[in-house]
file entry.txt (compact mmCIF, C-alpha atoms)
# COMPACT_ATOMS: atom_id res chain seq x y z
CA MET F 191 10.88 -21.76 -11.40
CA ASN F 192 12.79 -25.01 -10.92
CA LEU F 193 15.97 -23.04 -10.24
CA VAL F 194 14.11 -20.95 -7.65
CA PHE F 195 12.89 -24.05 -5.79
CA ARG F 196 16.38 -25.56 -5.89
CA ALA F 197 17.89 -22.34 -4.56
CA LEU F 198 15.33 -22.04 -1.75
CA ALA F 199 15.68 -25.69 -0.69
CA ASP F 200 19.03 -25.05 1.00
CA PRO F 201 19.01 -23.49 4.53
CA THR F 202 22.29 -21.59 3.94
CA ARG F 203 20.93 -19.94 0.81
CA ARG F 204 17.70 -19.09 2.61
CA HIS F 205 19.72 -17.51 5.41
CA VAL F 206 21.68 -15.46 2.84
CA LEU F 207 18.40 -14.14 1.42
CA GLU F 208 17.15 -13.29 4.91
CA LEU F 209 20.38 -11.35 5.60
CA LEU F 210 19.99 -9.45 2.32
CA ARG F 211 16.46 -8.40 3.35
CA LYS F 212 18.12 -5.83 5.62
CA GLY F 213 19.97 -4.30 2.66
CA PRO F 214 22.87 -4.93 0.25
CA MET F 215 25.93 -6.71 1.64
CA SER F 216 29.36 -7.66 0.37
CA ALA F 217 30.34 -11.28 -0.27
CA GLY F 218 32.78 -11.09 2.67
CA GLU F 219 30.16 -9.76 5.10
CA LEU F 220 27.76 -12.50 4.08
CA SER F 221 30.40 -15.24 4.32
CA ASP F 222 31.25 -14.15 7.89
CA HIS F 223 27.83 -15.39 9.00
CA PHE F 224 28.51 -18.99 7.91
CA PRO F 225 31.08 -21.54 9.10
CA VAL F 226 31.76 -22.83 5.58
CA SER F 227 34.64 -22.47 3.12
CA LYS F 228 34.78 -19.71 0.50
CA PRO F 229 34.32 -22.08 -2.47
CA THR F 230 31.16 -23.47 -0.82
CA MET F 231 29.83 -19.95 -0.27
CA SER F 232 30.66 -19.07 -3.89
CA ALA F 233 28.62 -22.08 -5.02
CA HIS F 234 25.68 -20.89 -2.90
CA PHE F 235 25.98 -17.36 -4.36
CA ALA F 236 26.11 -18.82 -7.88
CA ALA F 237 22.92 -20.82 -7.26
CA LEU F 238 21.13 -17.70 -6.02
CA ARG F 239 22.38 -15.69 -8.99
CA GLU F 240 21.34 -18.40 -11.43
CA ALA F 241 17.82 -18.38 -9.97
CA ASN F 242 17.76 -14.56 -10.37
CA LEU F 243 17.14 -14.11 -6.63
CA VAL F 244 20.11 -11.80 -6.09
CA ASP F 245 21.82 -9.10 -8.09
CA VAL F 246 25.61 -8.83 -8.17
CA GLN F 247 27.65 -5.66 -8.56
CA LYS F 248 31.42 -5.39 -8.57
CA VAL F 249 32.75 -2.23 -6.87
CA GLY F 250 36.55 -2.26 -7.05
CA LYS F 251 37.61 -5.46 -5.31
CA THR F 252 34.33 -5.84 -3.47
CA VAL F 253 31.46 -7.95 -4.77
CA LEU F 254 28.12 -6.56 -3.61
CA TYR F 255 24.95 -8.61 -3.40
CA ARG F 256 21.47 -7.16 -3.32
CA LEU F 257 18.10 -8.88 -2.99
CA LYS F 258 16.00 -9.45 -6.10
CA LEU F 259 13.02 -11.37 -4.71
CA SER F 260 9.55 -11.07 -6.23
CA VAL F 261 6.53 -11.20 -3.92
CA LEU F 262 5.84 -14.82 -4.88
CA GLU F 263 9.48 -15.82 -4.28
CA GLU F 264 9.43 -14.10 -0.89
CA ALA F 265 6.24 -15.92 0.05
CA LEU F 266 7.85 -19.21 -1.03
CA LEU F 267 10.92 -18.41 1.07
CA GLY F 268 8.67 -17.89 4.09
CA PHE F 269 6.72 -21.11 3.49
CA VAL F 270 9.79 -23.28 2.93
CA GLY F 271 11.49 -21.82 6.02
CA THR F 272 8.44 -22.41 8.23
CA PHE F 273 7.89 -25.98 7.04
CA GLN F 274 11.55 -26.95 7.34
CA GLU F 275 11.76 -25.47 10.85
CA ARG F 276 8.68 -27.44 11.88
CA ALA F 277 10.06 -30.63 10.34
CA ALA F 278 13.39 -30.11 12.13
CA ALA F 279 11.64 -29.45 15.46
CA LYS F 280 9.52 -32.60 15.01
CA ALA F 281 12.58 -34.69 14.17
CA ALA F 282 14.38 -33.34 17.26
CA ARG F 283 11.34 -34.18 19.44
CA ASN F 284 11.17 -37.72 18.02
CA THR F 285 14.88 -38.29 18.65
CA LYS F 286 14.51 -37.04 22.23
CA ASN F 287 11.49 -39.31 22.83
CA GLU F 288 13.35 -42.32 21.39
CA LYS F 289 16.34 -41.63 23.66
CA GLU F 290 14.09 -41.35 26.70
CA LEU F 291 12.36 -44.63 25.82
CA SER F 292 15.64 -46.48 25.29
CA HIS F 293 16.95 -45.25 28.68
CA GLY F 294 13.78 -46.57 30.28
CA MET A 533 16.80 -0.51 -23.41
CA ASP A 534 15.81 -3.91 -22.11
CA LYS A 535 13.25 -5.32 -24.55
CA LYS A 536 12.05 -8.22 -22.39
CA PRO A 537 9.74 -6.24 -20.02
CA LEU A 538 8.29 -4.39 -23.03
CA ALA A 539 7.58 -7.66 -24.86
CA THR A 540 5.98 -9.10 -21.69
CA SER A 541 3.78 -6.01 -21.27
CA ILE A 542 2.67 -6.14 -24.91
CA GLY A 543 1.97 -9.88 -24.52
CA VAL A 544 -0.17 -9.27 -21.40
CA ALA A 545 -2.07 -6.43 -23.12
CA VAL A 546 -2.77 -8.62 -26.18
CA LEU A 547 -3.95 -11.45 -23.91
CA LEU A 548 -6.31 -9.10 -22.05
CA LEU A 549 -7.75 -7.71 -25.29
CA ALA A 550 -8.15 -11.21 -26.75
CA ALA A 551 -9.92 -12.38 -23.58
CA ALA A 552 -12.27 -9.36 -23.70
CA VAL A 553 -13.11 -10.01 -27.37
CA LEU A 554 -13.72 -13.74 -26.72
CA LEU A 555 -15.98 -12.94 -23.76
CA LYS A 556 -17.98 -10.46 -25.88
CA LEU A 557 -18.35 -13.04 -28.66
CA ALA A 558 -19.53 -15.61 -26.11
CA GLN A 559 -22.07 -13.06 -24.81
CA HIS A 560 -23.37 -12.37 -28.35
CA ALA A 561 -23.73 -16.12 -28.88
CA ASP A 562 -25.84 -16.21 -25.66
CA LEU A 563 -23.34 -18.53 -23.97
CA ILE A 564 -22.72 -16.19 -21.00
CA SER A 565 -24.51 -13.19 -19.49
CA ALA A 566 -23.39 -9.54 -19.64
CA ASP A 567 -22.73 -9.68 -15.88
CA THR A 568 -20.32 -12.62 -16.33
CA VAL A 569 -18.45 -10.68 -19.04
CA THR A 570 -18.03 -7.66 -16.74
CA ARG A 571 -16.93 -9.78 -13.79
CA ALA A 572 -14.45 -11.83 -15.84
CA THR A 573 -12.92 -8.68 -17.39
CA GLN A 574 -12.58 -7.07 -13.93
CA ALA A 575 -10.99 -10.27 -12.58
CA ALA A 576 -8.49 -10.30 -15.46
CA MET A 577 -7.52 -6.71 -14.65
CA GLY A 578 -7.08 -7.63 -10.98
CA LEU A 579 -4.82 -10.52 -11.94
CA MET A 580 -2.80 -8.19 -14.17
CA VAL A 581 -2.27 -5.81 -11.22
CA ALA A 582 -1.20 -8.78 -9.06
CA PHE A 583 1.18 -9.95 -11.82
CA TYR A 584 2.93 -6.56 -12.07
CA GLY A 585 2.86 -6.04 -8.30
CA ASN A 586 4.69 -9.35 -7.90
CA PHE A 587 7.70 -7.98 -9.82
CA ILE A 588 7.89 -4.53 -8.14
CA PRO A 589 10.49 -5.60 -5.49
CA LYS A 590 12.76 -6.99 -8.25
CA ASN A 591 13.39 -3.46 -9.55
CA LEU A 592 15.97 -2.52 -6.94
CA LYS A 593 18.85 -0.64 -8.59
CA PRO A 594 22.22 0.45 -7.15
CA LEU A 595 22.03 3.87 -5.43
CA ARG A 596 24.52 6.35 -4.00
CA SER A 597 24.36 5.08 -0.43
CA PHE A 598 23.48 1.81 1.30
CA ASP A 599 21.04 3.68 3.56
CA SER A 600 19.06 4.93 0.56
CA GLU A 601 19.10 1.47 -0.95
CA ARG A 602 17.76 -0.06 2.26
CA ARG A 603 14.93 2.47 2.32
CA VAL A 604 14.10 1.96 -1.37
CA GLN A 605 14.24 -1.83 -0.92
CA LYS A 606 11.74 -1.59 1.96
CA ALA A 607 9.43 0.74 -0.01
CA LEU A 608 9.51 -1.53 -3.09
CA ARG A 609 8.77 -4.56 -0.92
CA ILE A 610 5.76 -2.96 0.75
CA SER A 611 4.44 -1.65 -2.59
CA GLY A 612 4.92 -5.05 -4.22
CA TRP A 613 3.05 -6.87 -1.48
CA SER A 614 0.23 -4.32 -1.35
CA PHE A 615 -0.34 -4.34 -5.13
CA THR A 616 -0.13 -8.14 -5.37
CA LEU A 617 -2.59 -8.70 -2.53
CA ALA A 618 -4.86 -5.89 -3.76
CA GLY A 619 -4.86 -7.33 -7.29
CA LEU A 620 -5.80 -10.79 -6.01
CA ALA A 621 -8.49 -9.35 -3.72
CA TYR A 622 -9.85 -7.25 -6.61
CA ALA A 623 -10.04 -10.34 -8.85
CA LEU A 624 -11.75 -12.46 -6.16
CA LEU A 625 -14.22 -9.70 -5.21
CA SER A 626 -15.05 -9.08 -8.88
CA LEU A 627 -15.73 -12.77 -9.41
CA PHE A 628 -17.55 -13.80 -6.25
CA ALA A 629 -18.86 -10.81 -4.26
CA PRO A 630 -22.54 -9.78 -4.57
CA ASP A 631 -23.24 -6.91 -6.99
CA SER A 632 -23.83 -4.33 -4.27
CA ILE A 633 -20.43 -5.03 -2.61
CA ALA A 634 -18.17 -5.99 -5.54
CA TRP A 635 -17.54 -2.55 -7.06
CA PRO A 636 -17.09 -0.41 -3.88
CA ALA A 637 -15.05 -3.10 -2.09
CA SER A 638 -12.72 -3.75 -5.03
CA MET A 639 -12.20 0.00 -5.53
CA ALA A 640 -11.50 0.44 -1.81
CA VAL A 641 -8.92 -2.35 -1.91
CA MET A 642 -7.18 -0.82 -4.93
CA ALA A 643 -7.28 2.69 -3.41
CA ALA A 644 -5.71 1.32 -0.22
CA ALA A 645 -2.85 -0.25 -2.21
CA VAL A 646 -2.22 3.01 -4.08
CA ALA A 647 -2.31 4.99 -0.81
CA ILE A 648 0.14 2.59 0.91
CA SER A 649 2.54 2.69 -2.05
CA LEU A 650 2.37 6.48 -2.35
CA GLY A 651 2.90 6.85 1.39
CA CYS A 652 5.95 4.59 1.26
CA ALA A 653 7.36 6.40 -1.79
CA VAL A 654 6.94 9.86 -0.21
CA GLN A 655 8.42 8.71 3.11
CA CYS A 656 11.36 7.04 1.34
CA TYR A 657 12.01 10.13 -0.84
CA ALA A 658 11.93 12.45 2.19
CA ALA A 659 14.25 10.21 4.25
CA CYS A 660 16.72 9.79 1.37
CA ASN A 661 16.78 13.56 0.76
CA ALA A 662 17.28 14.30 4.46
CA SER A 663 20.20 11.86 4.74
CA ARG A 664 21.78 13.29 1.55
CA ARG A 665 21.54 16.83 2.94
CA THR A 666 23.10 15.67 6.23
CA ALA A 667 25.95 14.02 4.32
CA GLU A 668 26.58 17.21 2.31

call {"tool": "encode", "arguments": {"input": "entry.txt", "output": "structure tokens"}}
result
Amino acid sequence: MNLVFRALADPTRRHVLELLRKGPMSAGELSDHFPVSKPTMSAHFAALREANLVDVQKVGKTVLYRLKLSVLEEALLGFVGTFQERAAAKAARNTKNEKELSHG
Amino acid sequence: MDKKPLATSIGVAVLLLAAAVLLKLAQHADLISADTVTRATQAAMGLMVAFYGNFIPKNLKPLRSFDSERRVQKALRISGWSFTLAGLAYALLSLFAPDSIAWPASMAVMAAAVAISLGCAVQCYAACNASRRTAE
């Protein structure tokens, strides 16, 4: 379960899981959605695989990923996403308020 | 054959039987009433349904086409959620609902989960078959 929490803590990995909800995708298709290097994406994929949240299949030269989320893991994904979005929105609001106060 | 799911299932079955025996022994020793034994056993069965329902979406296997896989993934997801929620509702109703409501309500919840899952499975099968025929 620790591996699952660690995997879900990262926004990129959560986004990968959300993309895979639509259906299986290749590593290249998934990487196209993120402005990060291939080794970084590979590390994210490895974390998801280690937590048993995705299934990997090699078809020729293509590596296919498919979702392997249990109901509990999916609920956790939803909760973590909602709370992090709220926290980010609150932080953005606070920063904006501080800027407005400092400008008088 | 993967032995892990089989071992888990046997473990769960043994746990359920052991719990039932312990509850019966407690009833014979006048520690709990017959009603409590029935409710606790029903709740354990509800939790077992929720436990297995939780893992239904994890059973996605590679298929011939991505379209079929998408449909199967959606059907497994809906079935998983419906059985997990129905199992939890069944357990809670069995434990806390009044006698007159507990049985019909818990059965209705379970029947709804079965109907949803069957509906999804039939729809998925029909759509996959139709797309295969079109491809041929």

call {"tool": "closest_residue", "arguments": {"input": "entry.txt", "among": "A:Ala667, A:Ala621, A:Ala658, A:Leu627", "to": "A:Ala645", "atoms": "all atoms listed in the file"}}
result
A:Ala621

call {"tool": "axis_aligned_box", "arguments": {"input": "entry.txt", "around": "stretch 219-235 of chain F", "padding_each_side": "5 Å", "output": "JSON"}}
result
{"center_x": 30.2, "center_y": -16.6, "center_z": 2.0, "size_x": 19.1, "size_y": 23.7, "size_z": 24.1}

call {"tool": "residues_around", "arguments": {"input": "entry.txt", "residues": "F:Ala237", "least_positions_apart": "5", "cutoff": "12 Å", "atoms": "only C-alpha atoms", "output": "list in words"}}
result
Asn192, Leu193, Val194, Phe195, Arg196, Ala197, Leu198, Ala199, Asp200, Thr202, Arg203, Arg204, Val206, Leu207, Thr230, Met231, Ser232, Asn242, Leu243, Val244 and Asp245 of chain F

call {"tool": "residues_around", "arguments": {"input": "entry.txt", "residues": "A:Ala566", "least_positions_apart": "5", "cutoff": "9 Å", "atoms": "only C-alpha atoms", "output": "PyMOL selection string"}}
result
chain A and resi 556+559+571

call {"tool": "residues_around", "arguments": {"input": "entry.txt", "residues": "A:Leu555", "least_positions_apart": "4", "cutoff": "10 Å", "atoms": "only C-alpha atoms", "output": "list in words"}}
result
Leu549, Ala550, Ala551, Gln559, His560, Ala561, Leu563, Ile564, Ser565, Ala566, Thr568, Val569, Thr570, Ala572 and Thr573 of chain A

call {"tool": "atom_distance", "arguments": {"input": "entry.txt", "atom1": "atom CA of A:Arg602", "atom2": "atom CA of F:Leu220"}}
result
16.1 Å

call {"tool": "residues_near_point", "arguments": {"input": "entry.txt", "point": "(16.2, -4.8, -4.4)", "cutoff": "7 Å", "atoms": "all atoms listed in the file", "output": "list in words"}}
result
Arg256, Leu257 and Lys258 of chain F; Pro589, Lys590, Asn591, Leu592, Lys593 and Gln605 of chain A

call {"tool": "residues_near_point", "arguments": {"input": "entry.txt", "point": "(-14.3, -6.2, -11.3)", "cutoff": "9 Å", "atoms": "all atoms listed in the file", "output": "PyMOL selection string"}}
result
chain A and resi 570-578+622-627+634-635+638-639

call {"tool": "atom_distance", "arguments": {"input": "entry.txt", "atom1": "atom CA of A:Ser614", "atom2": "atom CA of A:Gly585"}}
result
7.6 Å

call {"tool": "atom_distance", "arguments": {"input": "entry.txt", "atom1": "atom CA of F:Val270", "atom2": "atom CA of F:Pro201"}}
result
9.4 Å

call {"tool": "interface_residues", "arguments": {"input": "entry.txt", "of": "chain A", "to": "chain F", "cutoff": "10 Å", "atoms": "all atoms listed in the file", "output": "PyMOL selection string"}}
result
chain A and resi 582-594+598-606+609-617

call {"tool": "closest_residue", "arguments": {"input": "entry.txt", "among": "F:Lys228, F:Lys248, F:Asn287, F:His205", "to": "F:Gly271", "atoms": "all atoms listed in the file"}}
result
F:His205
